[in-house]
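Undergrad: Input my_file.txt, format and content: compact mmCIF, C-alpha atoms.
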# COMPACT_ATOMS: atom_id res chain seq x y z
CA MET A 1 109.34 146.51 83.78
CA ARG A 2 108.67 149.66 85.81
CA ARG A 3 105.02 148.74 86.20
CA ARG A 4 105.92 145.20 87.25
CA ASN A 5 108.44 146.42 89.82
CA LEU A 6 106.04 148.98 91.26
CA SER A 7 103.47 146.21 91.62
CA LEU A 8 106.00 143.91 93.30
CA VAL A 9 106.78 146.55 95.90
CA LEU A 10 103.13 147.40 96.48
CA HIS A 11 102.13 143.74 96.88
CA ALA A 12 105.03 143.18 99.30
CA VAL A 13 103.76 145.98 101.53
CA ALA A 14 100.17 144.73 101.20
CA GLY A 15 101.22 141.24 102.21
CA HIS A 16 102.91 142.38 105.42
CA GLY A 17 100.83 145.33 106.50
CA GLU A 18 103.97 147.14 107.68
CA ILE A 19 107.47 146.59 106.31
CA SER A 20 110.77 148.46 105.86
CA ARG A 21 112.39 149.32 102.54
CA ALA A 22 115.22 146.91 103.27
CA ALA A 23 112.78 144.07 103.93
CA VAL A 24 110.93 144.85 100.71
CA ALA A 25 114.21 144.73 98.76
CA ALA A 26 115.04 141.35 100.28
CA GLU A 27 111.60 139.98 99.44
CA VAL A 28 111.28 141.15 95.85
CA GLY A 29 114.91 140.64 94.87
CA LEU A 30 115.73 144.22 93.89
CA THR A 31 118.51 146.46 95.15
CA ARG A 32 117.80 148.83 98.03
CA ALA A 33 118.48 151.79 95.74
CA ALA A 34 115.95 150.52 93.18
CA VAL A 35 113.36 149.90 95.88
CA SER A 36 113.89 153.37 97.34
CA THR A 37 113.22 154.94 93.93
CA LEU A 38 110.08 152.84 93.46
CA VAL A 39 108.87 153.65 96.96
CA GLU A 40 109.24 157.38 96.33
CA GLU A 41 107.08 157.06 93.24
CA LEU A 42 104.44 155.08 95.14
CA LEU A 43 104.48 157.69 97.90
CA SER A 44 103.93 160.44 95.31
CA LEU A 45 100.96 158.51 93.89
CA GLY A 46 99.41 158.34 97.35
CA LEU A 47 99.56 154.53 97.38
CA LEU A 48 102.04 154.19 100.24
CA ALA A 49 102.56 156.06 103.50
CA GLU A 50 105.31 156.07 106.09
CA ALA A 51 104.41 154.87 109.56
CA GLY A 52 107.40 155.59 111.77
CA LEU A 53 110.50 153.55 112.54
CA THR A 54 110.81 149.77 112.47
CA ARG A 55 112.91 147.72 114.90
CA PRO A 56 114.47 144.91 112.88
CA GLY A 57 116.04 143.19 115.88
CA THR A 58 119.50 143.35 114.33
CA VAL A 59 122.48 145.68 114.58
CA GLY A 60 122.07 148.86 112.56
CA ARG A 61 119.82 151.83 112.18
CA PRO A 62 116.07 151.22 112.26
CA GLY A 63 114.24 151.65 108.97
CA THR A 64 111.10 153.62 108.18
CA ALA A 65 108.02 151.42 108.05
CA LEU A 66 105.93 151.46 104.92
CA VAL A 67 102.17 150.84 104.88
CA LEU A 68 99.45 151.05 102.29
CA SER A 69 97.84 154.48 102.39
CA ASP A 70 94.46 154.79 104.06
CA ARG A 71 93.73 157.98 102.12
CA GLY A 72 93.70 158.80 98.43
CA PRO A 73 93.00 156.05 95.85
CA ALA A 74 90.20 153.67 96.86
CA GLY A 75 87.88 150.97 95.53
CA LEU A 76 84.16 151.45 95.07
CA GLY A 77 81.92 148.39 95.01
CA ALA A 78 78.21 148.18 94.25
CA GLU A 79 75.68 145.36 94.36
CA VAL A 80 72.36 144.70 92.66
CA GLY A 81 70.39 142.08 94.57
CA VAL A 82 66.92 140.75 93.89
CA ASP A 83 65.63 142.67 96.91
CA HIS A 84 68.33 145.19 97.76
CA LEU A 85 70.98 147.60 96.49
CA ALA A 86 74.27 148.47 98.16
CA ALA A 87 77.51 150.38 97.66
CA CYS A 88 80.72 150.77 99.66
CA VAL A 89 84.13 152.39 99.51
CA VAL A 90 87.22 150.55 100.75
CA ASP A 91 90.71 151.94 101.20
CA LEU A 92 93.81 150.20 99.86
CA ARG A 93 94.02 148.16 103.06
CA GLY A 94 90.59 146.68 102.31
CA LYS A 95 88.83 148.46 105.15
CA VAL A 96 85.27 149.63 104.52
CA ARG A 97 85.23 153.39 105.03
CA ALA A 98 81.82 154.30 103.64
CA SER A 99 78.65 152.42 102.74
CA ALA A 100 75.07 152.89 101.60
CA TYR A 101 72.23 150.38 101.49
CA ALA A 102 68.58 150.27 100.44
CA GLU A 103 65.92 147.60 100.36
CA ALA A 104 64.60 147.46 96.81
CA PRO A 105 62.26 144.96 95.09
CA ASN A 106 64.24 144.79 91.84
CA ARG A 107 62.67 141.71 90.29
CA ASP A 108 61.04 142.54 86.93
CA HIS A 109 61.68 146.26 87.40
CA PRO A 110 63.17 148.14 84.42
CA PRO A 111 66.98 147.96 84.52
CA GLU A 112 67.18 151.73 83.94
CA ARG A 113 65.21 152.35 87.13
CA VAL A 114 67.22 149.85 89.17
CA LEU A 115 70.54 151.31 88.02
CA ALA A 116 69.35 154.86 88.62
CA ASP A 117 68.56 153.89 92.21
CA LEU A 118 71.96 152.21 92.48
CA ALA A 119 73.65 155.35 91.16
CA GLY A 120 72.17 157.34 94.02
CA LEU A 121 73.70 154.95 96.55
CA VAL A 122 77.05 155.00 94.74
CA VAL A 123 77.15 158.80 94.87
CA ARG A 124 76.21 158.77 98.55
CA ALA A 125 78.97 156.27 99.43
CA ALA A 126 81.52 158.17 97.34
CA ARG A 127 80.70 161.45 99.08
CA GLU A 128 81.09 159.81 102.47
CA GLY A 129 84.40 158.33 101.33
CA ALA A 130 85.57 161.74 100.08
CA ALA A 131 84.98 163.15 103.55
CA ALA A 132 87.46 160.53 104.79
CA GLY A 133 90.03 161.60 102.19
CA LEU A 134 89.33 158.81 99.68
CA ARG A 135 88.80 159.04 95.92
CA PRO A 136 87.54 155.95 94.07
CA VAL A 137 89.56 154.99 91.01
CA GLY A 138 87.05 152.49 89.64
CA ILE A 139 83.70 150.84 90.25
CA THR A 140 82.83 147.14 90.18
CA VAL A 141 79.21 146.00 90.31
CA ALA A 142 78.08 142.58 91.58
CA VAL A 143 75.01 141.23 89.80
CA PRO A 144 73.01 138.00 90.29
CA GLY A 145 73.39 136.80 86.71
CA LEU A 146 75.63 135.87 83.81
CA VAL A 147 78.29 138.36 82.79
CA GLY A 148 80.15 137.23 79.70
CA ARG A 149 83.15 138.49 77.80
CA ASP A 150 81.40 141.62 76.47
CA PRO A 151 82.25 144.42 78.92
CA GLY A 152 79.31 146.07 80.60
CA ILE A 153 76.66 143.53 79.52
CA VAL A 154 74.55 141.38 81.84
CA GLU A 155 73.65 138.55 79.50
CA ARG A 156 71.01 137.01 81.70
CA ALA A 157 69.78 137.46 85.27
CA SER A 158 66.76 135.18 85.55
CA ASN A 159 65.78 136.26 89.05
CA LEU A 160 65.77 139.91 87.97
CA GLY A 161 64.09 139.30 84.61
CA TRP A 162 67.08 140.82 82.75
CA GLU A 163 68.27 139.75 79.29
CA GLN A 164 71.19 141.39 77.45
CA VAL A 165 71.15 144.50 79.64
CA PRO A 166 73.97 147.04 79.00
CA ALA A 167 74.31 147.65 82.74
CA GLY A 168 77.71 149.35 82.53
CA PRO A 169 76.64 152.11 80.10
CA LEU A 170 73.30 152.48 81.90
CA LEU A 171 75.06 153.01 85.23
CA THR A 172 77.47 155.50 83.67
CA ALA A 173 74.52 157.51 82.36
CA ALA A 174 72.69 157.23 85.69
CA LEU A 175 75.75 158.49 87.57
CA ALA A 176 75.98 161.50 85.27
CA ASP A 177 72.35 162.29 86.11
CA ALA A 178 72.78 161.59 89.83
CA GLU A 179 75.82 163.79 90.36
CA PRO A 180 75.32 167.52 90.87
CA PRO A 181 76.63 169.79 88.12
CA ALA A 182 80.34 170.55 88.27
CA GLY A 183 81.09 173.54 90.44
CA THR A 184 78.26 173.08 92.93
CA PRO A 185 79.24 172.75 96.61
CA ALA A 186 78.63 169.00 96.70
CA ASP A 187 81.09 168.55 93.84
CA ASP A 188 83.69 170.94 95.23
CA PRO A 189 87.01 169.08 95.77
CA SER A 190 87.67 171.32 98.77
CA HIS A 191 85.30 169.08 100.70
CA ALA A 192 88.09 166.49 100.66
CA PRO A 193 91.30 168.31 99.72
CA SER A 194 93.61 165.37 100.26
CA ALA A 195 91.50 163.11 98.12
CA GLY A 196 90.99 165.24 95.04
CA PRO A 197 88.05 164.71 92.70
CA PRO A 198 86.67 161.17 92.36
CA SER A 199 88.00 160.57 88.85
CA SER A 200 90.35 162.02 86.30
CA ALA A 201 87.39 164.02 85.03
CA GLY A 202 86.32 164.93 88.55
CA ARG A 203 83.18 162.84 88.13
CA LEU A 204 82.12 159.33 89.14
CA SER A 205 80.60 158.93 85.68
CA GLY A 206 84.16 159.15 84.31
CA LEU A 207 85.36 156.11 86.26
CA PRO A 208 85.84 152.70 84.63
CA ILE A 209 82.93 150.41 85.52
CA GLY A 210 83.25 146.63 85.69
CA LEU A 211 80.56 144.00 86.16
CA ASP A 212 80.87 140.52 87.59
CA ASN A 213 78.69 137.73 88.85
CA GLU A 214 77.97 137.97 92.57
CA ALA A 215 79.23 134.43 93.23
CA ASN A 216 82.55 135.20 91.52
CA LEU A 217 83.05 138.29 93.65
CA GLY A 218 82.01 136.41 96.79
CA ALA A 219 84.68 133.81 96.04
CA LEU A 220 87.31 136.50 95.53
CA ALA A 221 86.36 138.10 98.84
CA GLU A 222 86.78 134.68 100.44
CA LEU A 223 90.22 134.33 98.85
CA TRP A 224 91.39 137.82 99.86
CA LEU A 225 89.58 138.40 103.15
CA GLY A 226 88.40 135.02 104.41
CA GLY A 227 91.29 134.35 106.79
CA HIS A 228 92.11 130.92 105.33
CA ASP A 229 95.57 129.37 105.25
CA ARG A 230 97.69 130.61 102.38
CA ASP A 231 97.86 127.00 101.23
CA LEU A 232 94.16 127.14 100.30
CA ARG A 233 94.52 127.79 96.57
CA HIS A 234 91.85 125.47 95.15
CA PHE A 235 88.31 125.77 96.47
CA LEU A 236 84.70 125.85 95.39
CA HIS A 237 82.68 128.71 96.84
CA VAL A 238 78.90 128.27 96.84
CA SER A 239 76.37 130.83 98.06
CA ALA A 240 72.62 131.34 97.96
CA GLU A 241 69.97 133.98 98.30
CA ILE A 242 67.00 133.74 95.93
CA GLY A 243 69.23 131.78 93.57
CA ILE A 244 72.34 129.68 94.02
CA GLY A 245 75.73 130.56 92.61
CA ALA A 246 79.16 129.04 92.75
CA ALA A 247 82.68 129.97 91.75
CA LEU A 248 85.82 127.93 91.39
CA VAL A 249 89.21 129.23 92.51
CA VAL A 250 92.16 127.40 90.92
CA GLU A 251 95.78 128.20 91.83
CA GLY A 252 94.53 131.27 93.67
CA ARG A 253 92.75 132.64 90.59
CA LEU A 254 89.13 132.68 89.58
CA PHE A 255 88.25 130.13 86.90
CA ARG A 256 85.77 131.74 84.50
CA GLY A 257 85.42 129.19 81.71
CA ALA A 258 85.46 129.74 77.96
CA HIS A 259 82.56 132.22 77.92
CA GLY A 260 82.78 133.62 81.47
CA HIS A 261 79.88 131.48 82.69
CA ALA A 262 81.62 128.94 84.93
CA GLY A 263 80.00 128.25 88.29
CA GLU A 264 76.28 128.07 87.46
CA LEU A 265 75.73 125.39 90.09
CA GLY A 266 72.17 126.57 90.73
CA HIS A 267 71.15 125.32 87.31
CA VAL A 268 72.68 121.87 87.61
CA PRO A 269 69.73 119.43 87.37
CA VAL A 270 69.39 117.31 90.49
CA ARG A 271 65.94 115.92 89.52
CA PRO A 272 65.65 115.99 85.69
CA ALA A 273 61.85 115.65 85.84
CA GLY A 274 61.50 118.20 88.63
CA PRO A 275 59.74 121.57 88.65
CA ALA A 276 60.32 124.22 85.99
CA CYS A 277 63.04 126.79 86.68
CA PRO A 278 63.07 130.44 85.49
CA CYS A 279 66.14 129.55 83.42
CA GLY A 280 63.92 127.37 81.19
CA ALA A 281 65.15 123.96 82.39
CA ARG A 282 63.58 121.58 84.92
CA GLY A 283 64.74 120.16 88.23
CA CYS A 284 67.54 122.68 88.79
CA LEU A 285 69.25 122.81 92.19
CA GLU A 286 67.65 126.22 92.86
CA GLN A 287 64.25 124.55 92.85
CA TYR A 288 65.33 122.45 95.85
CA ALA A 289 67.87 124.54 97.74
CA GLY A 290 67.11 128.15 96.80
CA GLU A 291 65.63 130.38 99.49
CA GLU A 292 62.07 130.34 98.12
CA ALA A 293 62.17 126.60 97.49
CA VAL A 294 63.17 125.91 101.10
CA LEU A 295 60.41 128.20 102.40
CA ARG A 296 57.81 126.36 100.34
CA ALA A 297 59.12 122.97 101.45
CA ALA A 298 58.82 124.13 105.07
CA GLY A 299 55.18 125.12 104.54
CA LEU A 300 55.91 128.86 104.51
CA ASP A 301 54.64 131.23 101.85
CA PRO A 302 57.62 133.01 100.22
CA ALA A 303 55.66 136.18 99.41
CA ARG A 304 54.35 136.50 102.95
CA ALA A 305 57.78 135.75 104.40
CA ALA A 306 59.29 138.45 102.17
CA ALA A 307 56.67 140.99 103.27
CA GLU A 308 57.09 140.22 106.97
CA HIS A 309 60.88 139.79 106.86
CA PRO A 310 62.13 142.18 104.13
CA GLY A 311 65.65 142.71 102.94
CA PRO A 312 68.52 140.28 102.39
CA GLY A 313 68.82 137.87 105.26
CA GLY A 314 65.28 138.35 106.53
CA ARG A 315 63.95 135.02 105.28
CA VAL A 316 67.18 133.25 106.18
CA ARG A 317 66.87 134.52 109.74
CA LEU A 318 63.26 133.32 109.78
CA LEU A 319 64.35 129.82 108.76
CA ALA A 320 67.18 129.81 111.31
CA GLU A 321 64.86 130.92 114.10
CA ARG A 322 62.24 128.30 113.29
CA ALA A 323 64.70 125.48 112.70
CA GLY A 324 65.18 125.15 116.46
CA THR A 325 61.53 124.32 117.12
CA ASP A 326 59.83 123.42 113.82
CA PRO A 327 60.43 119.90 112.44
CA ALA A 328 59.10 120.92 109.01
CA VAL A 329 61.77 123.62 108.70
CA ARG A 330 64.51 121.24 109.82
CA ARG A 331 63.31 118.65 107.32
CA ALA A 332 63.24 121.22 104.50
CA LEU A 333 66.77 122.35 105.33
CA HIS A 334 68.05 118.77 105.46
CA GLN A 335 66.50 118.09 102.05
CA ALA A 336 68.10 121.27 100.70
CA GLY A 337 71.45 120.14 102.09
CA SER A 338 71.08 116.77 100.39
CA ALA A 339 70.30 118.45 97.05
CA LEU A 340 73.33 120.71 97.50
CA GLY A 341 75.51 117.74 98.32
CA LEU A 342 74.30 115.93 95.21
CA ALA A 343 75.19 118.86 92.96
CA LEU A 344 78.45 119.56 94.78
CA SER A 345 79.60 115.95 94.51
CA GLY A 346 79.69 116.26 90.72
CA ALA A 347 81.71 119.47 90.95
CA VAL A 348 84.10 117.93 93.49
CA ASN A 349 84.63 114.84 91.35
CA VAL A 350 85.36 116.98 88.28
CA PHE A 351 87.50 119.74 89.81
CA ASP A 352 89.08 118.15 92.91
CA PRO A 353 89.10 121.24 95.17
CA GLN A 354 90.77 121.32 98.58
CA LYS A 355 87.58 122.62 100.16
CA VAL A 356 84.00 123.65 99.55
CA VAL A 357 83.18 126.98 101.22
CA LEU A 358 79.56 127.87 102.04
CA GLY A 359 78.83 131.58 101.75
CA GLY A 360 75.87 133.95 101.78
CA GLY A 361 72.69 132.58 103.35
CA LEU A 362 74.15 129.07 103.26
CA ALA A 363 76.70 130.08 105.88
CA GLU A 364 73.95 131.16 108.28
CA LEU A 365 71.97 127.97 107.73
CA SER A 366 75.01 125.68 107.78
CA PRO A 367 74.15 123.90 111.09
CA TRP A 368 71.11 122.35 109.39
CA LEU A 369 72.49 122.05 105.85
CA LEU A 370 75.84 120.44 106.60
CA PRO A 371 74.60 116.96 107.61
CA GLY A 372 72.86 116.50 104.25
CA ILE A 373 75.72 118.03 102.27
CA GLU A 374 78.42 115.93 103.91
CA SER A 375 76.39 112.74 103.74
CA GLU A 376 75.98 113.08 99.97
CA LEU A 377 79.65 114.00 99.48
CA ARG A 378 80.82 110.96 101.45
CA ARG A 379 78.54 108.72 99.39
CA ARG A 380 79.41 110.14 96.00
CA VAL A 381 83.04 111.33 96.17
CA THR A 382 84.41 107.81 96.07
CA ASP A 383 87.60 107.96 94.03
CA ARG A 384 89.53 109.75 96.74
CA HIS A 385 89.31 110.43 100.44
CA TRP A 386 86.95 113.30 101.30
CA PRO A 387 88.20 114.45 104.71
CA ASP A 388 86.12 115.74 107.59
CA GLY A 389 86.12 119.52 107.68
CA ALA A 390 86.52 119.86 103.92
CA VAL A 391 83.24 121.81 103.84
CA ALA A 392 83.98 125.16 105.49
CA VAL A 393 81.71 128.04 106.44
CA SER A 394 82.58 131.49 105.11
CA SER A 395 83.71 134.17 107.54
CA VAL A 396 82.75 136.84 104.98
CA GLY A 397 79.12 135.75 104.68
CA ARG A 398 76.53 137.68 102.72
CA GLU A 399 78.76 140.77 102.47
CA GLY A 400 81.11 138.82 100.22
CA PRO A 401 79.89 140.04 96.79
CA LEU A 402 79.98 143.72 97.79
CA LEU A 403 83.38 143.40 99.49
CA GLY A 404 84.72 141.42 96.56
CA ALA A 405 83.51 144.12 94.18
CA ALA A 406 85.20 146.97 96.05
CA ASN A 407 88.39 145.01 96.68
CA SER A 408 88.64 143.98 93.02
CA VAL A 409 89.24 147.67 92.25
CA VAL A 410 91.93 147.78 94.94
CA ARG A 411 93.55 144.66 93.47
CA SER A 412 93.66 146.30 90.06
CA VAL A 413 95.62 149.15 91.63
CA LEU A 414 98.03 146.76 93.34
CA ASP A 415 98.55 144.97 90.03
CA ASP A 416 99.08 148.17 88.05
CA PRO A 417 100.02 151.17 90.19
CA THR A 418 100.65 153.22 87.03
CA SER A 419 96.89 153.27 86.41
CA VAL A 420 96.57 155.83 89.25
CA ARG A 421 97.21 159.42 88.33
CA PRO A 422 99.48 161.48 90.62
CA ARG A 423 97.58 163.14 93.42
CA GLU A 424 96.91 166.79 92.89
CA ASN A 425 98.40 169.58 94.96
CA PRO A 426 95.48 170.93 96.98
CA SER A 427 96.92 174.41 96.81
Write the structure described by the file as structure tokens, please.

TA:
Amino acid sequence: MRRRNLSLVLHAVAGHGEISRAAVAAEVGLTRAAVSTLVEELLSLGLLAEAGLTRPGTVGRPGTALVLSDRGPAGLGAEVGVDHLAACVVDLRGKVRASAYAEAPNRDHPPERVLADLAGLVVRAAREGAAAGLRPVGITVAVPGLVGRDPGIVERASNLGWEQVPAGPLLTAALADAEPPAGTPADDPSHAPSAGPPSSAGRLSGLPIGLDNEANLGALAELWLGGHDRDLRHFLHVSAEIGIGAALVVEGRLFRGAHGHAGELGHVPVRPAGPACPCGARGCLEQYAGEEAVLRAAGLDPARAAAEHPGPGGRVRLLAERAGTDPAVRRALHQAGSALGLALSGAVNVFDPQKVVLGGGLAELSPWLLPGIESELRRRVTDRHWPDGAVAVSSVGREGPLLGAANSVVRSVLDDPTSVRPRENPS
């Protein structure tokens, strides 16, 4: 009950940005005395801060405004892409306070090497966050592959060449190697006295590490940060880089399926006799609407495009730049949109979402993809009215998986404030 009530208070503050104790009590249905006790505990945990007096507009004394703390407990997100690595630290308000990024050709590289490189970025971001008074309380990693029910295991990431990779334990070991020995200046908590050490053991390698599919985390970022109406509780989020991923949000929660594999839209066959896919099937959507497939259809060599336009977004920007003047690029993008619409129509007919949201590289290419997508949806979603504007473009874009990863740690704190240890007295 205590944990539930602490979470109710914390979510009430998070939902308003700034709110008085009296307003929290009215919202959550607890007495003012009970809320005051809960608030004091949340203040002691470093989860809330006081931000001056509120002016309620009614007779009586003004209250003290409560806000989520922008120091202390924080979320740390990391991302493994096919051609990049990234990490960031967000405070409880969801604001990015530290980040690190590196271009990295990860395809077919040993997972141990990839995760060792990622650990270096995670340490760098955490140190930058510590300088701002933040201490991560967990790490979530976005990966371009299947993450099942077994914690810490990437079951399959075709575009990386990974099969049954224990990414969680490997990252824990890599962090232990990447961090300086305890007691060295870089590990000295006095560098960030208000934040304390980064974990209960004073080490990032002691933090809980979660893994999730990049599309799932992109959808959660869209739900939490996308700026949509609160009424948007059912939507299909689809994104693309090298591959194509999708995630379904139902009643404001991520739908994972029986084995945690829901949303593999990229491997829906749109041409059963089509080209072979790295997943082992033929004619998958990725072979028609994935980044490399669109480049080939436009007469561009994917390897050369990658060399001349490295990093995530480089090839997408190339396509967007050429789409204005090159008919072959426009035709390739229209064909990709039609293939997407064909696959999406099946998902729409089965799940009946309020909207389809295009994220990642699809958002940047939406002016040329949307005509084909919407044409196929109008033709194939026939049992109900498919309204104009029901395909939306993400405001989070390609940062979605990384932001979703970091904010998933924050959400775990909001859901269970008791998981955070009391902040230490710097003296």

Undergrad: Can you measure CA of Leu92 (chain A) to CA of Glu41 (chain A) for me? One decimal in Å is fine.

TA: 16.3 Å

Undergrad: Could you check which of A:Ala390, A:Leu207, A:Ala258, A:Leu236 is closest to Leu370 (chain A), using all atoms listed in the file?

TA: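 Among the listed residues, A:Ala390 lies closest to Leu370 (chain A).
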
Undergrad: I'd like the interatomic distance between CA of Val356 (chain A) and CA of His237 (chain A), to a tenth of an Å.

TA: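 About the pair CA of Val356 (chain A) and CA of His237 (chain A): they are 5.9 Å apart.
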
Undergrad: Do you know which residues are at most 10 Å from region 320-322 of chain A counting only C-alpha atoms, after dropping those on the same chain fewer than 3 positions away, and could you put them as an NGL selection string?

TA: :A and (298 or 314-317 or 325-330 or 333 or 364-368)

Undergrad: Could those selected residues go to a file with C-alpha atoms, as a JSON list (two decimals), keeping the file's coordinate frame?

TA:
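To be explicit, this is the file written out as again-v8.json:
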[["chain", "number", "residue", "atom", "x", "y", "z"],
["A", 298, "ALA", "CA", 58.82, 124.13, 105.07],
["A", 314, "GLY", "CA", 65.28, 138.35, 106.53],
["A", 315, "ARG", "CA", 63.95, 135.02, 105.28],
["A", 316, "VAL", "CA", 67.18, 133.25, 106.18],
["A", 317, "ARG", "CA", 66.87, 134.52, 109.74],
["A", 325, "THR", "CA", 61.53, 124.32, 117.12],
["A", 326, "ASP", "CA", 59.83, 123.42, 113.82],
["A", 327, "PRO", "CA", 60.43, 119.90, 112.44],
["A", 328, "ALA", "CA", 59.10, 120.92, 109.01],
["A", 329, "VAL", "CA", 61.77, 123.62, 108.70],
["A", 330, "ARG", "CA", 64.51, 121.24, 109.82],
["A", 333, "LEU", "CA", 66.77, 122.35, 105.33],
["A", 364, "GLU", "CA", 73.95, 131.16, 108.28],
["A", 365, "LEU", "CA", 71.97, 127.97, 107.73],
["A", 366, "SER", "CA", 75.01, 125.68, 107.78],
["A", 367, "PRO", "CA", 74.15, 123.90, 111.09],
["A", 368, "TRP", "CA", 71.11, 122.35, 109.39]]

Undergrad: CA of Arg21 (chain A) and CA of Leu134 (chain A) are how many Å apart?

TA: 25.1 Å

Undergrad: Would you kindly identify which residues have an atom no farther than 12 Å from (87.8, 120.9, 95.9), using all atoms listed in the file and the file's own coordinates, and write them out as a PyMOL selection string?

TA: chain A and resi 232-238+247-251+344-357+377+381+384-387+389-392

Undergrad: Counting all atoms listed in the file, find the residues whose atoms lie at most 6 Å from (79.0, 135.6, 92.2) (file coordinates) and write them out as a PyMOL selection string.

TA: chain A and resi 213-218

Undergrad: Pick the closest to Ile244 (chain A) from A:Leu358, A:Leu175, A:Ala332, A:Ala297: which is it, counting only C-alpha atoms?

TA: A:Leu358

Undergrad: Which one of A:Asp150, A:Asp416, A:Glu112, A:Glu163 sits closest to Asp212 (chain A) if you count all atoms listed in the file?

TA: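 With all atoms listed in the file as the atom set, the closest residue is A:Asp150.
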
Undergrad: Name all residues at most 10 Å from Gly227 (chain A) (count only C-alpha atoms; drop same-chain ones fewer than 3 positions away) and give them as a PyMOL selection string.

TA: chain A and resi 222-224+230+394-396

Undergrad: From the set A:Pro208, A:Gly313, A:Gly17, A:Pro151, which residue has the shortest atom-to-atom contact distance to Thr172 (chain A), counting only C-alpha atoms?

TA: A:Pro208

Undergrad: Which of these residues is nearest to Leu6 (chain A), using all atoms listed in the file: A:Gly274, A:Gly360, A:Pro105, A:Pro417?

TA: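 Among A:Gly274, A:Gly360, A:Pro105, A:Pro417, it is A:Pro417 that comes nearest to Leu6 (chain A).
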